[in-house]
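Next comes my_file18.pdb, with PDB, C-alpha atoms.
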```
ATOM      1  CA  MET A   1       0.000   0.000   0.000
ATOM      2  CA  THR A   2       1.257   3.452  -0.926
ATOM      3  CA  ALA A   3       0.063   6.814   0.396
ATOM      4  CA  ILE A   4      -0.677   9.408  -2.268
ATOM      5  CA  VAL A   5      -1.238  13.042  -1.305
ATOM      6  CA  ILE A   6      -2.975  15.544  -3.585
ATOM      7  CA  THR A   7      -3.347  19.205  -2.689
ATOM      8  CA  PRO A   8      -6.468  20.717  -4.301
ATOM      9  CA  ARG A   9      -6.003  23.930  -6.205
ATOM     10  CA  GLY A  10      -9.163  25.800  -5.329
ATOM     11  CA  PRO A  11     -12.215  24.647  -3.362
ATOM     12  CA  PHE A  12     -12.857  20.918  -3.213
ATOM     13  CA  SER A  13     -15.058  18.790  -0.983
ATOM     14  CA  LEU A  14     -14.644  15.033  -0.812
ATOM     15  CA  ALA A  15     -17.886  14.871   1.168
ATOM     16  CA  ALA A  16     -19.682  16.536  -1.750
ATOM     17  CA  SER A  17     -18.115  13.997  -4.102
ATOM     18  CA  LEU A  18     -19.421  11.160  -1.934
ATOM     19  CA  ARG A  19     -22.939  12.598  -1.949
ATOM     20  CA  PHE A  20     -22.779  12.974  -5.710
ATOM     21  CA  LEU A  21     -21.640   9.387  -6.243
ATOM     22  CA  GLU A  22     -24.495   8.047  -4.150
ATOM     23  CA  GLY A  23     -26.918   9.595  -6.656
ATOM     24  CA  PHE A  24     -24.892   8.764  -9.773
ATOM     25  CA  THR A  25     -26.527   5.632 -11.177
ATOM     26  CA  PRO A  26     -23.556   4.363 -13.241
ATOM     27  CA  ALA A  27     -21.380   4.315 -10.122
ATOM     28  CA  GLY A  28     -23.803   2.294  -8.014
ATOM     29  CA  TYR A  29     -21.932   3.732  -5.035
ATOM     30  CA  ARG A  30     -23.077   3.080  -1.491
ATOM     31  CA  ASP A  31     -21.164   4.775   1.305
ATOM     32  CA  ALA A  32     -20.342   2.381   4.124
ATOM     33  CA  SER A  33     -18.737   5.003   6.356
ATOM     34  CA  ASP A  34     -19.684   8.284   7.969
ATOM     35  CA  GLY A  35     -19.257  10.220   4.739
ATOM     36  CA  ARG A  36     -15.533  10.764   5.161
ATOM     37  CA  VAL A  37     -14.014   7.829   3.279
ATOM     38  CA  LEU A  38     -14.274   7.162  -0.433
ATOM     39  CA  ARG A  39     -13.641   3.546  -1.416
ATOM     40  CA  LEU A  40     -12.607   2.927  -5.017
ATOM     41  CA  ALA A  41     -11.663  -0.086  -7.129
ATOM     42  CA  PHE A  42     -10.987   0.432 -10.820
ATOM     43  CA  PRO A  43      -8.951  -0.677 -13.845
ATOM     44  CA  ALA A  44      -5.730   1.259 -14.108
ATOM     45  CA  ASP A  45      -4.976   3.267 -17.208
ATOM     46  CA  ASP A  46      -2.222   0.773 -18.071
ATOM     47  CA  GLY A  47      -4.910  -1.648 -19.275
ATOM     48  CA  HIS A  48      -3.897  -4.699 -17.238
ATOM     49  CA  SER A  49      -3.796  -3.897 -13.525
ATOM     50  CA  THR A  50      -6.431  -2.881 -10.969
ATOM     51  CA  VAL A  51      -6.262  -0.122  -8.374
ATOM     52  CA  SER A  52      -7.882  -0.050  -4.954
ATOM     53  CA  ALA A  53      -7.900   3.220  -3.042
ATOM     54  CA  GLU A  54      -9.118   4.494   0.317
ATOM     55  CA  VAL A  55      -9.492   8.268   0.011
ATOM     56  CA  ARG A  56      -9.812  10.848   2.809
ATOM     57  CA  GLN A  57      -9.595  14.626   3.029
ATOM     58  CA  ALA A  58      -8.185  16.802   5.762
ATOM     59  CA  GLU A  59     -10.508  19.342   7.350
ATOM     60  CA  GLY A  60     -11.451  22.378   5.284
ATOM     61  CA  SER A  61     -12.642  23.035   1.741
ATOM     62  CA  GLU A  62      -9.075  23.034   0.449
ATOM     63  CA  GLY A  63      -7.703  20.325   2.742
ATOM     64  CA  THR A  64      -5.229  17.877   1.286
ATOM     65  CA  VAL A  65      -6.563  14.615  -0.103
ATOM     66  CA  GLN A  66      -4.790  11.426   0.911
ATOM     67  CA  ALA A  67      -5.330   8.056  -0.723
ATOM     68  CA  ASP A  68      -3.948   4.743   0.479
ATOM     69  CA  VAL A  69      -3.480   2.972  -2.823
ATOM     70  CA  THR A  70      -2.612  -0.555  -3.900
ATOM     71  CA  VAL A  71      -2.027  -1.694  -7.464
ATOM     72  CA  HIS A  72      -3.132  -5.300  -8.025
ATOM     73  CA  THR A  73      -1.879  -7.579 -10.762
ATOM     74  CA  GLY A  74      -3.190 -10.998 -11.686
ATOM     75  CA  ASN A  75      -6.337 -12.711 -12.855
ATOM     76  CA  PRO A  76      -9.870 -11.558 -11.988
ATOM     77  CA  GLY A  77     -11.328 -13.233  -8.929
ATOM     78  CA  ASN A  78      -7.915 -14.502  -7.853
ATOM     79  CA  ASP A  79      -7.533 -13.755  -4.162
ATOM     80  CA  GLY A  80      -3.808 -14.311  -4.589
ATOM     81  CA  MET A  81      -3.346 -11.362  -6.915
ATOM     82  CA  GLY A  82      -0.004  -9.710  -6.588
ATOM     83  CA  THR A  83       0.529  -6.081  -5.688
ATOM     84  CA  ALA A  84       2.897  -3.384  -6.859
ATOM     85  CA  THR A  85       3.626  -0.167  -5.044
ATOM     86  CA  ALA A  86       6.952   1.105  -6.384
ATOM     87  CA  GLU A  87       7.165   4.272  -8.438
ATOM     88  CA  SER A  88       8.679   2.213 -11.254
ATOM     89  CA  ASP A  89       5.498   0.136 -11.322
ATOM     90  CA  GLY A  90       3.427   3.132 -12.347
ATOM     91  CA  MET A  91       2.357   4.761  -9.084
ATOM     92  CA  SER A  92       2.822   8.209 -10.595
ATOM     93  CA  ALA A  93       0.371   7.231 -13.346
ATOM     94  CA  VAL A  94      -2.071   5.964 -10.743
ATOM     95  CA  ARG A  95      -1.811   9.261  -8.884
ATOM     96  CA  ALA A  96      -2.606  11.123 -12.118
ATOM     97  CA  GLN A  97      -5.592   8.859 -12.767
ATOM     98  CA  LEU A  98      -6.959   9.307  -9.265
ATOM     99  CA  ALA A  99      -6.569  13.086  -9.537
ATOM    100  CA  ARG A 100      -8.429  13.006 -12.850
ATOM    101  CA  ILE A 101     -11.278  10.917 -11.416
ATOM    102  CA  LEU A 102     -11.862  13.550  -8.725
ATOM    103  CA  SER A 103     -11.120  16.509 -11.057
ATOM    104  CA  LEU A 104      -8.162  17.392  -8.853
ATOM    105  CA  ASP A 105      -5.894  17.604 -11.889
ATOM    106  CA  VAL A 106      -7.541  20.924 -12.766
ATOM    107  CA  ASP A 107      -6.718  24.270 -11.160
ATOM    108  CA  GLY A 108     -10.063  25.330  -9.706
ATOM    109  CA  ASN A 109      -8.961  28.634  -8.202
ATOM    110  CA  GLY A 110     -10.766  30.553 -10.935
ATOM    111  CA  PHE A 111     -14.031  28.651 -10.668
ATOM    112  CA  PRO A 112     -15.612  30.744  -7.868
ATOM    113  CA  ARG A 113     -14.948  33.891  -9.885
ATOM    114  CA  LEU A 114     -17.506  32.796 -12.488
ATOM    115  CA  ALA A 115     -20.170  33.651  -9.917
ATOM    116  CA  GLU A 116     -19.259  37.335 -10.091
ATOM    117  CA  ALA A 117     -20.740  37.763 -13.570
ATOM    118  CA  ASP A 118     -23.457  35.103 -13.642
ATOM    119  CA  PRO A 119     -26.215  34.857 -10.988
ATOM    120  CA  VAL A 120     -27.148  31.348 -12.141
ATOM    121  CA  VAL A 121     -23.612  30.082 -11.613
ATOM    122  CA  ALA A 122     -23.485  31.939  -8.297
ATOM    123  CA  GLN A 123     -26.570  30.047  -7.085
ATOM    124  CA  LEU A 124     -25.133  26.715  -8.212
ATOM    125  CA  ILE A 125     -21.761  27.247  -6.526
ATOM    126  CA  ALA A 126     -23.506  28.304  -3.324
ATOM    127  CA  ALA A 127     -25.796  25.254  -3.438
ATOM    128  CA  TYR A 128     -22.967  22.759  -4.057
ATOM    129  CA  PRO A 129     -19.830  24.150  -2.407
ATOM    130  CA  GLY A 130     -16.684  22.287  -3.335
ATOM    131  CA  LEU A 131     -18.397  19.880  -5.750
ATOM    132  CA  ARG A 132     -16.293  19.059  -8.772
ATOM    133  CA  PRO A 133     -17.158  16.479 -11.428
ATOM    134  CA  VAL A 134     -16.531  12.926 -10.265
ATOM    135  CA  CYS A 135     -15.569  11.139 -13.443
ATOM    136  CA  PHE A 136     -15.733   7.603 -14.689
ATOM    137  CA  TYR A 137     -12.494   5.866 -13.863
ATOM    138  CA  SER A 138     -11.322   6.159 -17.467
ATOM    139  CA  PRO A 139     -12.525   6.923 -20.986
ATOM    140  CA  TYR A 140     -12.508   3.145 -21.497
ATOM    141  CA  GLU A 141     -15.031   2.564 -18.714
ATOM    142  CA  ALA A 142     -17.140   5.530 -19.838
ATOM    143  CA  ALA A 143     -17.238   4.080 -23.350
ATOM    144  CA  ALA A 144     -18.243   0.676 -21.989
ATOM    145  CA  TRP A 145     -21.051   2.332 -20.013
ATOM    146  CA  ALA A 146     -22.231   4.163 -23.133
ATOM    147  CA  VAL A 147     -22.475   0.885 -25.052
ATOM    148  CA  ILE A 148     -24.143  -1.016 -22.206
ATOM    149  CA  GLY A 149     -26.647   1.766 -21.553
ATOM    150  CA  HIS A 150     -27.627   2.567 -25.116
ATOM    151  CA  ARG A 151     -31.448   2.751 -25.327
ATOM    152  CA  ILE A 152     -32.135   1.032 -22.018
ATOM    153  CA  ARG A 153     -32.958   2.424 -18.581
ATOM    154  CA  MET A 154     -30.037   3.586 -16.486
ATOM    155  CA  VAL A 155     -30.895   1.299 -13.562
ATOM    156  CA  GLN A 156     -30.971  -1.674 -15.924
ATOM    157  CA  ALA A 157     -27.639  -0.663 -17.447
ATOM    158  CA  ALA A 158     -26.127  -0.154 -13.995
ATOM    159  CA  GLY A 159     -27.236  -3.645 -12.989
ATOM    160  CA  ILE A 160     -25.626  -5.197 -16.062
ATOM    161  CA  LYS A 161     -22.404  -3.245 -15.521
ATOM    162  CA  ALA A 162     -22.301  -4.338 -11.874
ATOM    163  CA  ARG A 163     -22.789  -7.999 -12.842
ATOM    164  CA  ILE A 164     -19.974  -7.778 -15.395
ATOM    165  CA  ALA A 165     -17.717  -6.463 -12.629
ATOM    166  CA  GLU A 166     -18.848  -9.133 -10.177
ATOM    167  CA  HIS A 167     -18.378 -12.042 -12.583
ATOM    168  CA  HIS A 168     -15.390 -10.886 -14.616
ATOM    169  CA  GLY A 169     -13.583  -8.217 -12.598
ATOM    170  CA  PRO A 170     -11.181  -8.656  -9.681
ATOM    171  CA  ARG A 171     -12.442  -8.496  -6.103
ATOM    172  CA  VAL A 172     -10.459  -6.318  -3.704
ATOM    173  CA  THR A 173     -10.915  -5.195  -0.121
ATOM    174  CA  VAL A 174     -10.874  -1.471   0.603
ATOM    175  CA  ALA A 175     -11.174  -0.176   4.171
ATOM    176  CA  GLY A 176     -12.887  -3.377   5.254
ATOM    177  CA  GLU A 177     -15.330  -3.515   2.343
ATOM    178  CA  SER A 178     -15.226  -5.984  -0.554
ATOM    179  CA  LEU A 179     -15.481  -4.306  -3.978
ATOM    180  CA  HIS A 180     -15.538  -5.614  -7.533
ATOM    181  CA  ALA A 181     -13.709  -3.530 -10.115
ATOM    182  CA  PHE A 182     -14.805  -3.381 -13.740
ATOM    183  CA  PRO A 183     -12.717  -5.771 -15.879
ATOM    184  CA  THR A 184      -9.544  -4.467 -17.444
ATOM    185  CA  PRO A 185      -9.523  -4.177 -21.247
ATOM    186  CA  LEU A 186      -7.432  -7.342 -21.391
ATOM    187  CA  ASP A 187     -10.171  -9.260 -19.595
ATOM    188  CA  LEU A 188     -13.143  -7.560 -21.254
ATOM    189  CA  ARG A 189     -11.902  -8.442 -24.728
ATOM    190  CA  GLY A 190     -12.258 -12.116 -23.816
ATOM    191  CA  LEU A 191     -15.987 -11.991 -23.040
ATOM    192  CA  SER A 192     -18.150 -14.063 -25.342
ATOM    193  CA  ARG A 193     -21.511 -13.570 -23.659
ATOM    194  CA  VAL A 194     -23.072 -11.160 -21.163
ATOM    195  CA  PRO A 195     -26.562 -11.957 -19.822
ATOM    196  CA  GLY A 196     -28.893  -9.085 -20.621
ATOM    197  CA  LEU A 197     -26.800  -7.743 -23.504
ATOM    198  CA  PRO A 198     -27.330  -8.587 -27.192
ATOM    199  CA  GLU A 199     -24.372 -10.006 -29.074
ATOM    200  CA  THR A 200     -23.985  -6.701 -30.948
ATOM    201  CA  LYS A 201     -23.234  -4.864 -27.709
ATOM    202  CA  VAL A 202     -20.892  -7.597 -26.485
ATOM    203  CA  GLU A 203     -18.931  -7.369 -29.724
ATOM    204  CA  ARG A 204     -18.767  -3.585 -29.359
ATOM    205  CA  LEU A 205     -17.392  -3.983 -25.838
ATOM    206  CA  ARG A 206     -14.667  -6.266 -27.152
ATOM    207  CA  VAL A 207     -13.753  -3.754 -29.863
ATOM    208  CA  LEU A 208     -13.668  -0.940 -27.298
ATOM    209  CA  ALA A 209     -11.335  -3.022 -25.147
ATOM    210  CA  ASP A 210      -8.990  -3.387 -28.127
ATOM    211  CA  ALA A 211      -9.255   0.357 -28.773
ATOM    212  CA  ALA A 212      -8.295   1.066 -25.164
ATOM    213  CA  LEU A 213      -5.271  -1.229 -25.417
ATOM    214  CA  ALA A 214      -4.269   0.513 -28.657
ATOM    215  CA  GLY A 215      -4.321   3.925 -26.951
ATOM    216  CA  ASP A 216      -7.400   5.231 -28.748
ATOM    217  CA  LEU A 217      -9.105   5.937 -25.396
ATOM    218  CA  ASP A 218      -6.131   7.485 -23.650
ATOM    219  CA  ALA A 219      -7.337  10.350 -21.449
ATOM    220  CA  ALA A 220      -4.254  12.549 -21.849
ATOM    221  CA  ARG A 221      -4.325  12.129 -25.616
ATOM    222  CA  LEU A 222      -8.018  13.020 -25.831
ATOM    223  CA  ARG A 223      -7.617  16.118 -23.672
ATOM    224  CA  ALA A 224      -4.585  17.298 -25.625
ATOM    225  CA  MET A 225      -6.611  17.337 -28.852
ATOM    226  CA  PRO A 226      -8.958  20.190 -29.813
ATOM    227  CA  ALA A 227     -12.330  19.186 -28.388
ATOM    228  CA  GLU A 228     -14.017  18.855 -31.780
ATOM    229  CA  ASP A 229     -11.196  16.623 -33.036
ATOM    230  CA  ALA A 230     -11.405  14.461 -29.926
ATOM    231  CA  LEU A 231     -15.173  14.087 -30.342
ATOM    232  CA  ALA A 232     -14.784  13.193 -34.019
ATOM    233  CA  HIS A 233     -12.158  10.606 -33.108
ATOM    234  CA  LEU A 234     -14.428   9.025 -30.497
ATOM    235  CA  ARG A 235     -17.330   8.855 -32.939
ATOM    236  CA  THR A 236     -15.272   6.490 -35.117
ATOM    237  CA  LEU A 237     -15.555   3.812 -32.405
ATOM    238  CA  PRO A 238     -18.379   1.257 -32.678
ATOM    239  CA  GLY A 239     -21.567   2.242 -30.898
ATOM    240  CA  ILE A 240     -20.314   5.737 -30.057
ATOM    241  CA  GLY A 241     -22.492   8.556 -31.356
ATOM    242  CA  PRO A 242     -22.437  12.298 -30.603
ATOM    243  CA  PHE A 243     -24.005  11.972 -27.119
ATOM    244  CA  SER A 244     -21.698   9.140 -26.077
ATOM    245  CA  ALA A 245     -18.620  10.889 -27.471
ATOM    246  CA  GLU A 246     -19.330  13.903 -25.255
ATOM    247  CA  LEU A 247     -19.871  11.618 -22.270
ATOM    248  CA  ILE A 248     -16.506   9.937 -22.830
ATOM    249  CA  LEU A 249     -14.585  13.185 -23.290
ATOM    250  CA  ILE A 250     -16.213  15.044 -20.407
ATOM    251  CA  ARG A 251     -16.944  12.330 -17.863
ATOM    252  CA  GLY A 252     -14.324   9.774 -18.921
ATOM    253  CA  ALA A 253     -11.294  11.856 -19.862
ATOM    254  CA  GLY A 254     -12.271  14.571 -17.385
ATOM    255  CA  HIS A 255     -12.143  17.465 -19.848
ATOM    256  CA  PRO A 256     -13.139  20.514 -17.768
ATOM    257  CA  ASP A 257     -14.246  22.841 -20.553
ATOM    258  CA  VAL A 258     -16.670  21.223 -23.005
ATOM    259  CA  PHE A 259     -20.335  22.157 -23.368
ATOM    260  CA  PRO A 260     -22.521  19.082 -24.043
ATOM    261  CA  ARG A 261     -24.412  19.921 -27.242
ATOM    262  CA  HIS A 262     -26.366  16.660 -27.327
ATOM    263  CA  GLU A 263     -27.714  16.368 -23.788
ATOM    264  CA  ARG A 264     -31.338  17.464 -24.010
ATOM    265  CA  ARG A 265     -32.100  17.229 -20.299
ATOM    266  CA  LEU A 266     -29.178  19.512 -19.506
ATOM    267  CA  HIS A 267     -30.433  21.957 -22.124
ATOM    268  CA  ALA A 268     -33.884  21.944 -20.513
ATOM    269  CA  SER A 269     -32.355  22.611 -17.108
ATOM    270  CA  MET A 270     -30.248  25.410 -18.529
ATOM    271  CA  ALA A 271     -33.203  26.992 -20.309
ATOM    272  CA  ASP A 272     -35.183  26.909 -17.087
ATOM    273  CA  ALA A 273     -32.319  28.411 -15.064
ATOM    274  CA  TYR A 274     -31.807  31.262 -17.524
ATOM    275  CA  GLY A 275     -35.506  31.852 -18.194
ATOM    276  CA  LEU A 276     -35.329  31.014 -21.880
ATOM    277  CA  GLY A 277     -38.428  30.375 -23.958
ATOM    278  CA  ASP A 278     -38.843  28.846 -27.385
ATOM    279  CA  PRO A 279     -36.994  28.784 -29.704
ATOM    280  CA  ASP A 280     -33.915  29.641 -27.604
ATOM    281  CA  ALA A 281     -34.649  26.895 -25.094
ATOM    282  CA  SER A 282     -33.928  24.201 -27.695
ATOM    283  CA  ASP A 283     -31.269  26.025 -29.689
ATOM    284  CA  ALA A 284     -27.994  24.257 -28.890
ATOM    285  CA  ARG A 285     -25.958  27.058 -30.449
ATOM    286  CA  ARG A 286     -27.724  29.677 -28.342
ATOM    287  CA  LEU A 287     -27.117  27.617 -25.201
ATOM    288  CA  ALA A 288     -23.497  27.010 -26.161
ATOM    289  CA  GLY A 289     -23.092  30.771 -26.505
ATOM    290  CA  ILE A 290     -24.259  31.250 -22.933
ATOM    291  CA  SER A 291     -21.874  28.537 -21.789
ATOM    292  CA  ASP A 292     -18.955  30.425 -23.331
ATOM    293  CA  HIS A 293     -19.102  32.645 -20.243
ATOM    294  CA  TRP A 294     -18.369  29.587 -18.088
ATOM    295  CA  ALA A 295     -14.983  28.967 -19.716
ATOM    296  CA  PRO A 296     -12.636  27.379 -18.781
ATOM    297  CA  TYR A 297     -15.054  25.332 -16.615
ATOM    298  CA  ARG A 298     -17.965  24.637 -18.941
ATOM    299  CA  SER A 299     -18.066  20.966 -17.984
ATOM    300  CA  TRP A 300     -18.110  21.865 -14.277
ATOM    301  CA  VAL A 301     -21.069  24.245 -14.523
ATOM    302  CA  ALA A 302     -22.955  21.708 -16.633
ATOM    303  CA  LEU A 303     -22.386  19.153 -13.878
ATOM    304  CA  LEU A 304     -23.887  21.470 -11.257
ATOM    305  CA  LEU A 305     -26.911  22.173 -13.464
ATOM    306  CA  ARG A 306     -27.407  18.452 -14.016
ATOM    307  CA  THR A 307     -27.061  17.729 -10.305
ATOM    308  CA  ARG A 308     -29.677  20.304  -9.374
ATOM    309  CA  ARG A 309     -32.089  19.021 -12.003
ATOM    310  CA  GLU A 310     -31.768  15.421 -10.808
ATOM    311  CA  GLU A 311     -32.259  16.439  -7.186
ATOM    312  CA  GLN A 312     -35.393  18.362  -8.088
ATOM    313  CA  ALA A 313     -36.735  15.510 -10.227
ATOM    314  CA  GLY A 314     -36.151  12.895  -7.525
ATOM    315  CA  PRO A 315     -34.885   9.293  -7.674
ATOM    316  CA  ALA A 316     -37.283   8.244 -10.450
ATOM    317  CA  ALA A 317     -35.511  10.525 -12.925
ATOM    318  CA  ARG A 318     -32.220   8.696 -12.368
ATOM    319  CA  GLY A 319     -33.657   5.472 -13.684
ATOM    320  CA  ARG A 320     -34.443   6.787 -17.151
ATOM    321  CA  SER A 321     -32.528   6.052 -20.310
ATOM    322  CA  VAL A 322     -28.996   7.472 -20.445
ATOM    323  CA  ARG A 323     -30.197   9.571 -23.369
TER
END
```

In structure tokens, write the structure found in this file.
Amino acid sequence: MTAIVITPRGPFSLAASLRFLEGFTPAGYRDASDGRVLRLAFPADDGHSTVSAEVRQAEGSEGTVQADVTVHTGNPGNDGMGTATAESDGMSAVRAQLARILSLDVDGNGFPRLAEADPVVAQLIAAYPGLRPVCFYSPYEAAAWAVIGHRIRMVQAAGIKARIAEHHGPRVTVAGESLHAFPTPLDLRGLSRVPGLPETKVERLRVLADAALAGDLDAARLRAMPAEDALAHLRTLPGIGPFSAELILIRGAGHPDVFPRHERRLHASMADAYGLGDPDASDARRLAGISDHWAPYRSWVALLLRTRREEQAGPAARGRSVR
């Protein structure tokens, strides 16, 4: 086990992240503590190992974040999996991945200043202090979720994703709790059948696993590209359309400054917040123009708008289709 310390740049609340995850259907997260410990198990960006992490934050909105991390190697379900903790075994890459998952790889010092010129953003920041996007563990896992969840209810998709992890992913223990991580790309590419998924989706998952191993879903690469180029690249993958491409770039690669042009529910929430009527309420270009004032945190403000909408709609809204 290795201790990783990350110092947030700007306001950050791990407690807010925990509350968000408990309402984020794809995560299926259930807090087993007093709201102070985040337990994670996920495929590492290297494509073949699994990370378990116990994350805590020191007191205060800008308190340091410490994670006790172990990198596991071996076969899924093998209780004798080996571990690696040396820097040469990729711990610096794991630190970068963990920071990306919690959006701690972004300097958030300028985020509160958006409130000075936008009353809507001011209300959102006040309502959700310290909340930053909590991302999928990787673009690979976000892409897998997009394929699994296409045109089915989110709760159904979450159940299928959880069963894939339980049956094909490694089991690890984090702070006394047993967790199943999603399979690594190496393991996912070997699946021949998944109960509840048609063969077309299973084949797409296998192709996505190969794409991840080839570097086509590398988070740093996607974020280094102009956003439109990254989205076009993602749309070349099987089963990935405009909506899913935005999901992967924003919530998988952790891009902080992309406005989702294909998320209708977000657009409705935004139109309501800004008092827009037809035709502006459904004009993606008009809405994108408003979001230009959120730069360089367009993804972050969109997350707060989405969070407020889901809270107002209640639990039933979280079970709808991912579209």

Inset, instruction - Translate the PyMOL selection byres ((chain A and resi 178-195) around 6), as applied to the file shown, into an explicit residue set as a list in words. - result: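 For this structure, the PyMOL selection byres ((chain A and resi 178-195) around 6) resolves to Ala41, Phe42, Pro43, Gly47, His48, Ala165, Glu166, His168, Gly169, Pro170, Arg171, Val172, Thr173, Glu177, Gly196, Leu197, Arg206 and Ala209 of chain A.
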
Inset, instruction - Starting from the shown file, work through the PyMOL selection byres ((chain A and resi 60) around 12) and note down what comes out as a list in words. - result: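 Matching residues under the PyMOL selection byres ((chain A and resi 60) around 12) are Thr7, Pro8, Gly10, Pro11, Phe12, Ser13, Leu14, Ala15, Arg56, Gln57, Ala58, Glu59, Ser61, Glu62, Gly63, Thr64, Val65, Pro129 and Gly130 of chain A.
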
Inset, instruction - Measure the distance from CA of Gly239 in chain A to CA of Asp257 in chain A in Å and round it to one decimal. - result: 24.2 Å

Inset, instruction - One decimal, Å: what's the distance from CA of Met1 in chain A over to CA of Val69 in chain A, could you say? - result: 5.4 Å

Inset, instruction - Take CA of Met154 in chain A and CA of Ser244 in chain A and report the distance between them in Å, one decimal. - result: 13.9 Å

Inset, instruction - Carefully work through the PyMOL selection byres ((chain A and resi 51) around 6) for this structure and note down the residues it includes, as a VMD selection string. - result: chain A and resid 41 to 42 44 50 52 70 to 71

Find the residues with any atom within 12 Å of (-22.5, 10.3, -27.5); use all atoms listed in the file and the coordinates as given in the file, and write the answer as an mmCIF file with C-alpha atoms, keeping the file's coordinate frame.
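Output contents, as saved in selection_13.cif:
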```cif
data_model
loop_
_atom_site.group_PDB
_atom_site.id
_atom_site.type_symbol
_atom_site.label_atom_id
_atom_site.label_comp_id
_atom_site.auth_asym_id
_atom_site.auth_seq_id
_atom_site.Cartn_x
_atom_site.Cartn_y
_atom_site.Cartn_z
ATOM 1 C CA ALA A 142 -17.140 5.530 -19.838
ATOM 2 C CA ALA A 143 -17.238 4.080 -23.350
ATOM 3 C CA ALA A 144 -18.243 0.676 -21.989
ATOM 4 C CA TRP A 145 -21.051 2.332 -20.013
ATOM 5 C CA ALA A 146 -22.231 4.163 -23.133
ATOM 6 C CA VAL A 147 -22.475 0.885 -25.052
ATOM 7 C CA GLY A 149 -26.647 1.766 -21.553
ATOM 8 C CA HIS A 150 -27.627 2.567 -25.116
ATOM 9 C CA ARG A 151 -31.448 2.751 -25.327
ATOM 10 C CA LEU A 231 -15.173 14.087 -30.342
ATOM 11 C CA ALA A 232 -14.784 13.193 -34.019
ATOM 12 C CA HIS A 233 -12.158 10.606 -33.108
ATOM 13 C CA LEU A 234 -14.428 9.025 -30.497
ATOM 14 C CA ARG A 235 -17.330 8.855 -32.939
ATOM 15 C CA THR A 236 -15.272 6.490 -35.117
ATOM 16 C CA LEU A 237 -15.555 3.812 -32.405
ATOM 17 C CA PRO A 238 -18.379 1.257 -32.678
ATOM 18 C CA GLY A 239 -21.567 2.242 -30.898
ATOM 19 C CA ILE A 240 -20.314 5.737 -30.057
ATOM 20 C CA GLY A 241 -22.492 8.556 -31.356
ATOM 21 C CA PRO A 242 -22.437 12.298 -30.603
ATOM 22 C CA PHE A 243 -24.005 11.972 -27.119
ATOM 23 C CA SER A 244 -21.698 9.140 -26.077
ATOM 24 C CA ALA A 245 -18.620 10.889 -27.471
ATOM 25 C CA GLU A 246 -19.330 13.903 -25.255
ATOM 26 C CA LEU A 247 -19.871 11.618 -22.270
ATOM 27 C CA ILE A 248 -16.506 9.937 -22.830
ATOM 28 C CA LEU A 249 -14.585 13.185 -23.290
ATOM 29 C CA ILE A 250 -16.213 15.044 -20.407
ATOM 30 C CA ARG A 251 -16.944 12.330 -17.863
ATOM 31 C CA GLY A 252 -14.324 9.774 -18.921
ATOM 32 C CA PRO A 260 -22.521 19.082 -24.043
ATOM 33 C CA ARG A 261 -24.412 19.921 -27.242
ATOM 34 C CA HIS A 262 -26.366 16.660 -27.327
ATOM 35 C CA GLU A 263 -27.714 16.368 -23.788
ATOM 36 C CA ARG A 264 -31.338 17.464 -24.010
ATOM 37 C CA VAL A 322 -28.996 7.472 -20.445
ATOM 38 C CA ARG A 323 -30.197 9.571 -23.369
#
```

Legend entry - Option closest in space to Ala93 in chain A, from A:Asp280, A:Asp216, A:Asp118, A:Asp46 [counting only C-alpha atoms]: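 Of the candidates, the smallest distance to Ala93 in chain A is held by A:Asp46.
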
Legend entry - Close residues, Val120 in chain A itself excluded, 12 Å, only C-alpha atoms, min 5 positions apart in chain, as a PyMOL selection string: chain A and resi 114-115+125-127+269-275+290-291+293-294+301-302+304-305+308

So which residues are close to (-17.1, 12.5, -9.6), meaning at most 8 Å away in the file's coordinates with all atoms listed in the file counted, and can you show them as a PDB file with C-alpha atoms, in the coordinates of the input?
```pdb
ATOM      1  CA  SER A  17     -18.115  13.997  -4.102  1.00  0.00           C
ATOM      2  CA  PHE A  20     -22.779  12.974  -5.710  1.00  0.00           C
ATOM      3  CA  LEU A  21     -21.640   9.387  -6.243  1.00  0.00           C
ATOM      4  CA  ILE A 101     -11.278  10.917 -11.416  1.00  0.00           C
ATOM      5  CA  LEU A 102     -11.862  13.550  -8.725  1.00  0.00           C
ATOM      6  CA  SER A 103     -11.120  16.509 -11.057  1.00  0.00           C
ATOM      7  CA  ARG A 132     -16.293  19.059  -8.772  1.00  0.00           C
ATOM      8  CA  PRO A 133     -17.158  16.479 -11.428  1.00  0.00           C
ATOM      9  CA  VAL A 134     -16.531  12.926 -10.265  1.00  0.00           C
ATOM     10  CA  CYS A 135     -15.569  11.139 -13.443  1.00  0.00           C
ATOM     11  CA  PHE A 136     -15.733   7.603 -14.689  1.00  0.00           C
TER      12      PHE A 136
END
```

Legend entry - Pick from A:Leu287, A:Leu303, A:Leu18, A:Ala175, whichever lies nearest to Ala268 in chain A using only C-alpha atoms: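 Nearest to Ala268 in chain A: A:Leu287.
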
Inset, instruction - May I ask which of the residues A:Ala214, A:Ala67, A:Ile160, A:Ile6 is the closest one to Ile148 in chain A, counting all atoms listed in the file? - result: A:Ile160

Return as JSON the centre and edge lengths, in Å with one decimal, of the box along x, y and z that encloses every atom of range 213-219 of chain A in the file, padded by 3 Å per side.
```
{"center_x": -6.7, "center_y": 4.6, "center_z": -25.1, "size_x": 10.8, "size_y": 17.6, "size_z": 13.3}
```
